[in-house]
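The data block below is upload.csv; it holds CSV, C-alpha atoms.
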chain,number,residue,atom,x,y,z
A,254,MET,CA,125.8,69.1,81.6
A,255,ARG,CA,129.6,68.8,81.5
A,256,VAL,CA,131.0,70.7,84.4
A,257,ILE,CA,134.6,71.4,85.4
A,258,GLY,CA,135.3,71.8,89.1
A,259,MET,CA,138.5,73.5,90.2
A,260,MET,CA,140.2,74.1,93.5
A,261,SER,CA,143.5,74.6,95.3
A,262,GLY,CA,143.5,73.5,98.9
A,263,THR,CA,145.1,75.0,102.0
A,264,SER,CA,148.4,73.3,101.1
A,265,TYR,CA,148.5,75.6,98.1
A,266,ASP,CA,150.8,73.4,96.1
A,267,ALA,CA,148.8,72.9,92.9
A,268,VAL,CA,145.5,73.5,91.1
A,269,ASP,CA,143.2,70.6,90.5
A,270,ALA,CA,140.5,70.3,87.9
A,271,ALA,CA,138.0,67.5,87.7
A,272,ALA,CA,135.3,67.2,85.0
A,273,ALA,CA,132.0,65.4,85.4
A,274,GLU,CA,128.7,64.8,83.5
A,275,LEU,CA,126.0,65.9,85.9
A,276,THR,CA,122.3,65.1,85.4
A,277,LEU,CA,119.4,65.9,87.8
A,278,THR,CA,116.5,63.5,87.3
A,279,GLY,CA,113.7,63.9,89.9
A,280,ASP,CA,115.3,63.8,93.3
A,281,THR,CA,118.5,62.1,92.1
A,282,LEU,CA,121.7,63.8,91.0
A,283,ALA,CA,123.9,61.5,88.8
A,284,LEU,CA,127.6,62.2,88.6
A,285,ARG,CA,129.8,60.5,86.0
A,286,PRO,CA,133.5,61.3,86.5
A,287,LEU,CA,135.3,62.3,83.3
A,288,GLY,CA,138.8,62.6,84.8
A,289,MET,CA,141.2,65.0,86.5
A,290,VAL,CA,144.1,67.1,85.6
A,291,SER,CA,146.4,69.0,87.9
A,292,ALA,CA,149.2,71.6,87.6
A,293,ASP,CA,151.7,72.8,90.1
A,294,TYR,CA,151.6,76.5,90.8
A,295,PRO,CA,154.6,78.2,89.1
A,296,PRO,CA,157.4,78.4,91.8
A,297,ALA,CA,157.5,82.2,91.9
A,298,LEU,CA,153.7,82.3,92.4
A,299,ARG,CA,153.7,79.7,95.1
A,300,ALA,CA,156.5,81.5,96.9
A,301,ALA,CA,154.7,84.8,96.7
A,302,LEU,CA,151.5,83.1,98.0
A,303,ALA,CA,153.4,81.5,100.9
A,304,ALA,CA,155.0,84.9,101.8
A,305,ALA,CA,151.6,86.6,101.9
A,306,LEU,CA,149.7,84.1,104.1
A,307,PRO,CA,149.0,84.6,107.8
A,308,PRO,CA,150.7,85.3,110.1
A,309,ALA,CA,152.8,87.3,107.6
A,310,ALA,CA,151.8,90.8,106.6
A,311,THR,CA,151.1,91.8,103.0
A,312,THR,CA,150.0,94.7,100.9
A,313,LEU,CA,147.1,95.4,98.6
A,314,ARG,CA,149.5,95.5,95.7
A,315,GLU,CA,150.6,91.9,96.5
A,316,VAL,CA,147.0,90.8,97.0
A,317,CYS,CA,146.1,92.2,93.5
A,318,ARG,CA,149.1,90.5,92.0
A,319,LEU,CA,148.2,87.2,93.6
A,320,ASP,CA,144.5,87.5,92.5
A,321,THR,CA,145.7,87.9,88.9
A,322,GLY,CA,148.4,85.2,89.1
A,323,ILE,CA,146.1,82.6,90.7
A,324,GLY,CA,143.3,83.5,88.2
A,325,ARG,CA,145.7,83.0,85.3
A,326,ALA,CA,146.9,79.6,86.7
A,327,PHE,CA,143.3,78.5,87.1
A,328,ALA,CA,142.5,79.7,83.6
A,329,ASP,CA,145.4,77.8,82.0
A,330,LEU,CA,144.3,74.6,83.7
A,331,ALA,CA,140.6,75.1,82.8
A,332,VAL,CA,141.6,75.4,79.1
A,333,ARG,CA,143.5,72.1,79.4
A,334,ALA,CA,140.7,70.4,81.4
A,335,ASP,CA,138.1,71.4,78.7
A,336,ARG,CA,140.3,70.1,75.9
A,337,GLU,CA,141.5,66.9,77.5
A,338,LEU,CA,138.5,65.9,79.6
A,339,CYS,CA,135.5,67.4,77.8
A,340,GLY,CA,136.6,67.4,74.2
A,341,GLY,CA,136.3,71.2,74.1
A,342,ARG,CA,132.6,70.9,75.0
A,343,ALA,CA,132.4,71.9,78.7
A,344,ASP,CA,129.2,73.8,79.7
A,345,LEU,CA,130.4,75.3,82.9
A,346,VAL,CA,133.5,75.9,85.0
A,347,VAL,CA,133.3,76.1,88.8
A,348,SER,CA,136.2,77.7,90.6
A,349,HIS,CA,136.7,77.6,94.3
A,350,GLY,CA,139.9,79.7,94.0
A,351,GLN,CA,142.6,79.8,96.6
A,352,THR,CA,141.7,80.5,100.2
A,353,VAL,CA,144.1,83.1,101.7
A,354,TYR,CA,142.1,84.2,104.8
A,355,HIS,CA,139.2,82.8,106.8
A,356,TRP,CA,138.2,85.5,109.4
A,357,VAL,CA,137.2,83.7,112.6
A,358,GLU,CA,136.8,85.4,116.0
A,359,ARG,CA,135.3,83.7,119.0
A,360,GLY,CA,133.9,80.9,117.0
A,361,ARG,CA,132.1,83.1,114.5
A,362,VAL,CA,133.2,83.6,110.9
A,363,HIS,CA,133.0,87.2,109.8
A,364,GLY,CA,134.4,86.8,106.3
A,365,THR,CA,136.4,84.6,104.0
A,366,LEU,CA,138.6,85.5,101.1
A,367,GLN,CA,139.5,83.3,98.1
A,368,LEU,CA,141.7,84.7,95.3
A,369,GLY,CA,141.8,83.8,91.6
A,370,ALA,CA,139.7,86.3,89.6
A,371,PRO,CA,137.2,84.3,87.6
A,372,ALA,CA,137.3,86.7,84.7
A,373,TRP,CA,140.6,85.1,83.6
A,374,ILE,CA,138.9,81.7,83.4
A,375,ALA,CA,135.9,83.0,81.5
A,376,GLU,CA,138.1,84.9,79.1
A,377,ALA,CA,140.4,82.0,78.4
A,378,THR,CA,137.7,79.3,78.1
A,379,GLY,CA,134.7,81.2,76.9
A,380,ARG,CA,132.7,79.3,79.5
A,381,THR,CA,130.4,80.7,82.2
A,382,VAL,CA,132.2,80.5,85.6
A,383,VAL,CA,130.7,80.1,89.1
A,384,SER,CA,133.0,81.3,91.8
A,385,ASP,CA,133.2,82.8,95.3
A,386,LEU,CA,131.1,80.0,96.7
A,387,ARG,CA,131.8,80.4,100.4
A,388,THR,CA,130.8,84.1,101.0
A,389,ARG,CA,127.1,83.7,100.7
A,390,ASP,CA,127.0,81.1,103.4
A,391,VAL,CA,129.0,83.4,105.7
A,392,ALA,CA,126.7,86.3,104.9
A,393,ALA,CA,123.8,84.0,106.0
A,394,GLY,CA,125.5,83.4,109.4
A,395,GLY,CA,127.3,80.2,108.5
A,396,GLN,CA,130.9,79.2,108.8
A,397,GLY,CA,131.4,79.0,105.1
A,398,ALA,CA,132.9,75.5,105.6
A,399,PRO,CA,133.1,72.6,105.3
A,400,LEU,CA,131.3,73.7,102.1
A,401,VAL,CA,131.3,70.2,100.5
A,402,SER,CA,129.1,68.8,103.3
A,403,LEU,CA,126.0,68.9,101.2
A,404,VAL,CA,127.7,66.7,98.6
A,405,ASP,CA,128.9,64.3,101.3
A,406,VAL,CA,125.4,63.9,102.7
A,407,LEU,CA,123.8,63.3,99.3
A,408,TRP,CA,126.5,60.8,98.5
A,409,LEU,CA,126.7,58.8,101.8
A,410,ARG,CA,123.2,59.0,103.4
A,411,GLY,CA,122.1,55.7,101.8
A,412,ARG,CA,124.9,53.7,103.4
A,413,PRO,CA,124.3,51.7,106.5
A,414,GLY,CA,125.2,52.9,110.0
A,415,ARG,CA,126.6,56.4,110.4
A,416,PRO,CA,129.2,57.0,107.7
A,417,VAL,CA,131.6,59.9,108.1
A,418,ALA,CA,133.3,61.6,105.1
A,419,LEU,CA,136.8,62.8,105.9
A,420,ASN,CA,138.9,65.2,103.9
A,421,LEU,CA,142.6,65.3,104.8
A,422,GLY,CA,143.8,68.5,103.3
A,423,GLY,CA,145.9,71.2,104.9
A,424,ILE,CA,142.9,71.3,107.3
A,425,ALA,CA,140.9,68.2,108.1
A,426,ASN,CA,137.2,68.2,108.0
A,427,VAL,CA,134.4,65.7,108.6
A,428,THR,CA,130.8,65.3,107.6
A,429,VAL,CA,128.4,62.8,109.2
A,430,ALA,CA,125.5,62.1,106.9
A,431,THR,CA,123.0,60.9,109.5
A,432,GLY,CA,122.5,61.4,113.2
A,433,PRO,CA,120.0,62.3,115.9
A,434,ALA,CA,120.2,66.0,115.1
A,435,GLY,CA,120.6,65.5,111.3
A,436,PRO,CA,123.8,65.9,109.3
A,437,VAL,CA,126.8,67.6,111.0
A,438,ALA,CA,130.1,68.9,109.6
A,439,PHE,CA,133.1,70.8,110.9
A,440,ASP,CA,136.9,71.2,110.7
A,441,THR,CA,138.6,68.9,113.1
A,442,GLY,CA,141.8,70.8,113.1
A,443,PRO,CA,145.1,70.4,111.1
A,444,GLY,CA,145.3,67.8,108.5
A,445,ASN,CA,148.6,68.3,106.8
A,446,ALA,CA,149.1,71.9,107.9
A,447,LEU,CA,151.3,71.2,111.0
A,448,VAL,CA,153.0,68.3,109.3
A,449,ASP,CA,154.1,70.5,106.5
A,450,ALA,CA,155.1,73.2,108.9
A,451,ALA,CA,157.2,70.8,110.9
A,452,VAL,CA,159.0,69.5,107.7
A,453,ARG,CA,159.8,73.1,106.7
A,454,LEU,CA,161.1,73.8,110.2
A,455,VAL,CA,163.3,70.7,110.5
A,456,THR,CA,164.7,71.0,106.9
A,457,GLY,CA,165.3,74.8,107.0
A,458,GLY,CA,162.7,75.2,104.2
A,459,ALA,CA,164.4,72.8,101.9
A,460,ARG,CA,161.3,70.5,101.9
A,461,ASP,CA,157.6,71.3,102.2
A,462,VAL,CA,156.0,67.9,102.8
A,463,ASP,CA,156.7,64.6,104.4
A,464,GLU,CA,156.9,62.6,101.2
A,465,ASP,CA,155.3,59.1,101.8
A,466,GLY,CA,155.4,59.8,105.6
A,467,VAL,CA,159.1,58.8,105.7
A,468,LEU,CA,160.2,61.3,108.4
A,469,ALA,CA,157.2,60.5,110.6
A,470,ALA,CA,157.8,56.7,110.2
A,471,ARG,CA,161.4,57.2,111.4
A,472,GLY,CA,160.4,59.2,114.5
A,473,ARG,CA,158.9,58.5,117.9
A,474,VAL,CA,155.9,60.5,119.2
A,475,ASP,CA,156.9,62.8,122.0
A,476,PRO,CA,154.0,62.2,124.6
A,477,ALA,CA,154.5,65.5,126.5
A,478,LEU,CA,154.5,67.6,123.3
A,479,LEU,CA,151.5,65.7,122.0
A,480,ARG,CA,149.6,66.5,125.2
A,481,ARG,CA,150.5,70.2,124.9
A,482,LEU,CA,149.3,70.3,121.3
A,483,LEU,CA,146.1,68.4,122.2
A,484,ALA,CA,145.3,71.1,124.8
A,485,GLU,CA,144.5,73.5,122.0
A,486,PRO,CA,141.0,74.9,122.9
A,487,TYR,CA,139.7,74.6,119.3
A,488,TYR,CA,139.4,70.8,119.7
A,489,THR,CA,136.8,71.1,122.4
A,490,ALA,CA,134.8,73.9,120.9
A,491,PRO,CA,131.3,73.0,119.8
A,492,ALA,CA,130.3,72.5,116.1
A,493,PRO,CA,129.7,74.0,113.7
A,494,LYS,CA,133.2,75.3,113.7
A,495,THR,CA,136.0,76.1,111.2
A,496,THR,CA,139.6,76.9,111.3
A,497,GLY,CA,142.6,77.3,109.0
A,498,LYS,CA,146.2,78.3,108.7
A,499,GLU,CA,145.3,81.5,110.4
A,500,LEU,CA,145.7,79.3,113.6
A,501,PHE,CA,147.7,76.3,112.6
A,502,HIS,CA,150.9,77.6,111.0
A,503,GLY,CA,154.6,77.5,111.5
A,504,GLU,CA,154.7,80.1,114.2
A,505,TYR,CA,152.1,78.2,116.2
A,506,LEU,CA,154.3,75.2,116.1
A,507,ARG,CA,157.4,77.2,117.1
A,508,ALA,CA,155.5,78.6,120.1
A,509,ALA,CA,154.4,75.1,121.2
A,510,LEU,CA,158.0,73.9,121.0
A,511,ALA,CA,159.3,76.9,123.0
A,512,ALA,CA,156.7,76.2,125.7
A,513,HIS,CA,157.6,72.5,125.7
A,514,GLY,CA,161.2,73.4,126.4
A,515,ALA,CA,162.8,70.1,125.9
A,516,PRO,CA,164.6,69.4,122.6
A,517,VAL,CA,162.7,67.3,120.1
A,518,ALA,CA,164.5,65.4,117.3
A,519,ALA,CA,163.5,66.3,113.7
A,520,GLU,CA,161.8,62.9,113.0
A,521,ASP,CA,160.1,62.9,116.4
A,522,LEU,CA,158.6,66.3,115.8
A,523,VAL,CA,157.1,65.2,112.4
A,524,ALA,CA,155.8,62.0,114.0
A,525,THR,CA,154.2,63.9,116.9
A,526,VAL,CA,152.3,66.3,114.7
A,527,THR,CA,151.3,63.5,112.4
A,528,ARG,CA,149.8,61.7,115.4
A,529,LEU,CA,148.1,64.9,116.4
A,530,THR,CA,146.2,64.8,113.2
A,531,ALA,CA,145.3,61.2,113.6
A,532,GLU,CA,144.1,61.6,117.2
A,533,THR,CA,142.0,64.8,116.6
A,534,VAL,CA,140.3,63.2,113.6
A,535,ALA,CA,139.6,59.9,115.4
A,536,GLY,CA,138.3,61.8,118.4
A,537,ALA,CA,135.9,63.7,116.2
A,538,VAL,CA,134.7,60.6,114.4
A,539,ARG,CA,134.0,58.8,117.8
A,540,GLY,CA,132.2,61.9,119.0
A,541,LEU,CA,129.9,61.7,116.0
A,542,GLY,CA,129.2,58.0,116.5
A,543,GLY,CA,130.8,57.2,113.2
A,544,THR,CA,130.6,53.6,112.0
A,545,GLU,CA,132.9,54.0,109.0
A,546,VAL,CA,135.2,56.7,107.6
A,547,VAL,CA,135.5,57.5,103.9
A,548,SER,CA,138.6,59.5,103.3
A,549,SER,CA,139.9,61.7,100.6
A,550,GLY,CA,142.4,64.5,100.1
A,551,GLY,CA,146.2,64.7,99.9
A,552,GLY,CA,146.7,63.1,103.4
A,553,VAL,CA,145.5,59.7,102.1
A,554,ARG,CA,148.8,59.5,100.2
A,555,ASN,CA,150.8,59.6,103.5
A,556,PRO,CA,150.9,55.9,104.7
A,557,THR,CA,152.3,56.9,108.1
A,558,LEU,CA,149.3,59.2,108.7
A,559,THR,CA,146.8,56.7,107.5
A,560,ALA,CA,148.4,53.9,109.6
A,561,MET,CA,148.2,56.2,112.7
A,562,LEU,CA,144.6,57.1,111.9
A,563,ARG,CA,143.6,53.4,111.5
A,564,ALA,CA,145.2,52.7,114.9
A,565,ALA,CA,143.4,55.6,116.5
A,566,LEU,CA,140.0,54.7,115.0
A,567,GLY,CA,140.3,51.1,116.3
A,568,ARG,CA,137.4,49.1,115.0
A,569,ILE,CA,135.9,51.8,112.9
A,570,PRO,CA,136.9,51.0,109.3
A,571,LEU,CA,138.8,53.5,107.2
A,572,ARG,CA,138.1,53.5,103.5
A,573,VAL,CA,139.3,55.6,100.6
A,574,SER,CA,136.7,57.5,98.5
A,575,ASP,CA,138.0,55.6,95.4
A,576,GLU,CA,136.2,52.5,96.7
A,577,LEU,CA,132.9,54.4,96.3
A,578,GLY,CA,133.7,55.8,92.9
A,579,LEU,CA,135.2,59.2,93.6
A,580,PRO,CA,139.0,59.4,93.4
A,581,ALA,CA,140.5,60.7,96.6
A,582,ALA,CA,142.7,63.3,94.9
A,583,ALA,CA,139.8,64.7,92.9
A,584,LYS,CA,136.9,64.4,95.3
A,585,GLU,CA,136.8,68.0,96.4
A,586,ALA,CA,137.0,69.3,92.8
A,587,TYR,CA,134.1,67.0,91.9
A,588,ALA,CA,132.2,68.4,94.9
A,589,PHE,CA,132.7,72.0,93.7
A,590,ALA,CA,131.5,71.0,90.3
A,591,VAL,CA,128.3,69.8,91.9
A,592,LEU,CA,127.9,73.0,93.9
A,593,GLY,CA,128.3,75.2,90.8
A,594,PHE,CA,125.8,73.0,88.9
A,595,LEU,CA,123.3,73.5,91.7
A,596,THR,CA,123.9,77.2,91.5
A,597,VAL,CA,123.1,77.5,87.8
A,598,LEU,CA,119.9,75.5,88.4
A,599,GLY,CA,118.9,77.9,91.1
A,600,LEU,CA,119.3,75.4,93.9
A,601,PRO,CA,120.9,75.8,97.4
A,602,GLY,CA,124.3,74.4,97.9
A,603,THR,CA,124.5,74.2,101.7
A,604,LEU,CA,122.9,72.5,104.7
A,605,PRO,CA,122.4,74.9,107.6
A,606,GLY,CA,123.0,72.1,110.1
A,607,CYS,CA,126.5,71.6,108.7
A,608,THR,CA,127.6,75.2,108.3
A,609,GLY,CA,125.5,76.9,111.0
A,610,ALA,CA,123.8,79.3,108.5
A,611,ARG,CA,120.3,80.6,109.2
A,612,HIS,CA,119.1,79.3,105.8
A,613,ALA,CA,120.2,77.2,102.9
A,614,ARG,CA,121.4,79.5,100.1
A,615,VAL,CA,122.2,79.4,96.4
A,616,LEU,CA,126.0,79.9,96.4
A,617,GLY,CA,128.4,81.9,94.4
A,618,SER,CA,128.8,84.6,91.8
A,619,VAL,CA,128.4,84.0,88.1
A,620,THR,CA,130.7,85.4,85.4
A,621,PRO,CA,129.2,85.1,81.9
A,622,GLY,CA,131.1,83.3,79.2
A,623,ALA,CA,131.9,84.5,75.6
A,624,HIS,CA,128.3,84.1,74.5
A,625,GLY,CA,126.7,85.9,77.3
A,626,LEU,CA,124.8,84.5,80.3
A,627,ARG,CA,122.8,81.4,79.3
A,628,LEU,CA,121.6,79.5,82.3
A,629,PRO,CA,119.4,76.4,82.2
A,630,ARG,CA,115.8,76.4,83.3
A,631,PRO,CA,115.7,76.4,87.2
A,632,ALA,CA,115.1,73.0,88.7
A,633,PRO,CA,111.9,72.6,90.7
A,634,ALA,CA,113.4,70.9,93.7
A,635,PRO,CA,116.9,70.0,95.1
A,636,PRO,CA,118.2,66.5,95.0
A,637,VAL,CA,118.1,64.2,97.9
A,638,ARG,CA,120.8,61.7,96.8
A,639,LEU,CA,123.9,61.6,94.7
A,640,ASP,CA,124.7,58.5,92.5
A,641,VAL,CA,128.3,58.2,91.3
A,642,LEU,CA,128.2,56.4,87.9
A,643,PRO,CA,131.2,54.4,86.5
A,644,PRO,CA,133.3,56.2,83.9
A,645,ARG,CA,132.5,55.6,80.3
A,646,ARG,CA,134.7,53.1,78.5

Now that the file is in, can you turn its structure into structure tokens?
Amino acid sequence: MRVIGMMSGTSYDAVDAAAAELTLTGDTLALRPLGMVSADYPPALRAALAAALPPAATTLREVCRLDTGIGRAFADLAVRADRELCGGRADLVVSHGQTVYHWVERGRVHGTLQLGAPAWIAEATGRTVVSDLRTRDVAAGGQGAPLVSLVDVLWLRGRPGRPVALNLGGIANVTVATGPAGPVAFDTGPGNALVDAAVRLVTGGARDVDEDGVLAARGRVDPALLRRLLAEPYYTAPAPKTTGKELFHGEYLRAALAAHGAPVAAEDLVATVTRLTAETVAGAVRGLGGTEVVSSGGGVRNPTLTAMLRAALGRIPLRVSDELGLPAAAKEAYAFAVLGFLTVLGLPGTLPGCTGARHARVLGSVTPGAHGLRLPRPAPAPPVRLDVLPPRR
């Protein structure tokens, strides 16, 4: 089956679409990458999204406009992905949508909201769409994240030692495939979220990201500010746990700076929050007994962050997911393609030990394509391993 997986992460800068040929044979799921395409959000849409995200207030009118605008952006890219990556023969589109709120109180997730109405994708492509993947896990008592943990476990469990999958998005998350209590996954804290917030703060909004880690590389870590940031209670909370920009946002950083009191140079602030990400990720990996880290996500493009992370990990090797066949920039989109594929086969897409749910559940909602709802025959049993095949030449 040719499946297009789509997502936009917590950095909300672009929509990514990755296509794969997926085949389930016995207990083995084979994934052959077909490529990735990406498109920036239109500037007006991105600005409207940024203005609506926590801690800002918004209106139902604006939520409706965003749901439509994001749905159309996903639909446009889905059409392109079908044409360019699948030769117009995609069988299924899986849309994660855009997370705008993850409702966490006292360590429990009560709800999660992803915008981007799937009807726009189904109408534009004619393909059946699987969407709203997180909500079922939350309804079953889970955190709804890290939702790709099942894919990480299937992919890495055959490797020696205790491999850890790391995604460095706006929020960083880890999955350890094996351990005394079985697989474990959780959000470690900010990935790029506070780095991006710091860049916006020190440039007066003129820039959104620390391109190539240049600002952090010029700065020096402020030890006192770093200690204050590391005192955040989230870091010592037990897993499973999740977080988001509901906690780690620009006002959070402003409050930390105000409590710190002493002035901090622009480059030093960016260097300090970059080190914060490296230290919290490395601490989580050590706590899991990780023997190697396989990284993906936008943060791997930041050489200063990856250098700090290598230093913090010490002897634990840091690899990029490309080395194991999944491009770092597309890995999450491929993972959502897998989850939607499991959904239409009637198979669960979560591991309760990773999300904290009471039971593994089939995920998502299904929007029929132009020719009605035509689902494949349900599979008799879920896969126990994922093989990534080389691209066709």

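When all atoms listed in the file are used to compute distances to Ala492 in chain A, the closest of the residues A:Asp440, A:Glu358, A:Asp575, A:Asp335 turns out to be A:Asp440.
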
Skip range 531-538 of chain A itself and residues of its chain fewer than 3 positions away, then list as a list in words all residues within 8 Å of it, counting all atoms listed in the file.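 Residues near the query, excluding close chain neighbours: Val417, Ala425, Val427, Thr441, Gly442, Leu483, Tyr488, Thr527, Arg528, Leu541, Gly542, Gly543, Val546, Leu558, Thr559, Met561, Leu562, Ala565 and Leu566 of chain A.
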
Those residues you just picked out, can you put them in a file as a PDB file, in the frame of the given file with C-alpha atoms?
ATOM      1  CA  VAL A 417     131.600  59.900 108.100  1.00  0.00           C
ATOM      2  CA  ALA A 425     140.900  68.200 108.100  1.00  0.00           C
ATOM      3  CA  VAL A 427     134.400  65.700 108.600  1.00  0.00           C
ATOM      4  CA  THR A 441     138.600  68.900 113.100  1.00  0.00           C
ATOM      5  CA  GLY A 442     141.800  70.800 113.100  1.00  0.00           C
ATOM      6  CA  LEU A 483     146.100  68.400 122.200  1.00  0.00           C
ATOM      7  CA  TYR A 488     139.400  70.800 119.700  1.00  0.00           C
ATOM      8  CA  THR A 527     151.300  63.500 112.400  1.00  0.00           C
ATOM      9  CA  ARG A 528     149.800  61.700 115.400  1.00  0.00           C
ATOM     10  CA  LEU A 541     129.900  61.700 116.000  1.00  0.00           C
ATOM     11  CA  GLY A 542     129.200  58.000 116.500  1.00  0.00           C
ATOM     12  CA  GLY A 543     130.800  57.200 113.200  1.00  0.00           C
ATOM     13  CA  VAL A 546     135.200  56.700 107.600  1.00  0.00           C
ATOM     14  CA  LEU A 558     149.300  59.200 108.700  1.00  0.00           C
ATOM     15  CA  THR A 559     146.800  56.700 107.500  1.00  0.00           C
ATOM     16  CA  MET A 561     148.200  56.200 112.700  1.00  0.00           C
ATOM     17  CA  LEU A 562     144.600  57.100 111.900  1.00  0.00           C
ATOM     18  CA  ALA A 565     143.400  55.600 116.500  1.00  0.00           C
ATOM     19  CA  LEU A 566     140.000  54.700 115.000  1.00  0.00           C
TER      20      LEU A 566
END

Which is closest to Ala610 in chain A among A:Gly458, A:Pro493, A:Pro631, A:Gly340, if we use all atoms listed in the file?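 Among the listed residues, the smallest separation from Ala610 in chain A belongs to A:Pro493.
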
Selected residue, from A:Leu604, A:Cys339, A:Thr596, A:Val573, that lies nearest to Ala430 in chain A when counting all atoms listed in the file: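 Of A:Leu604, A:Cys339, A:Thr596, A:Val573, the one nearest Ala430 in chain A is A:Leu604, counting all atoms listed in the file.
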
Could you jot down the CA of Ser549 in chain A to CA of Val641 in chain A separation for me, Å, one decimal place?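 Separation between CA of Ser549 in chain A and CA of Val641 in chain A: 15.3 Å.
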
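Residues with any atom within 7 Å of range 280-288 of chain A, counting only C-alpha atoms and excluding same-chain neighbours fewer than 3 positions away, are Ala271, Ala272, Ala273, Glu274, Leu275, Thr276, Leu277, Leu338, Pro635, Pro636, Val637, Arg638, Leu639, Asp640, Val641, Leu642, Pro643 and Pro644 of chain A.
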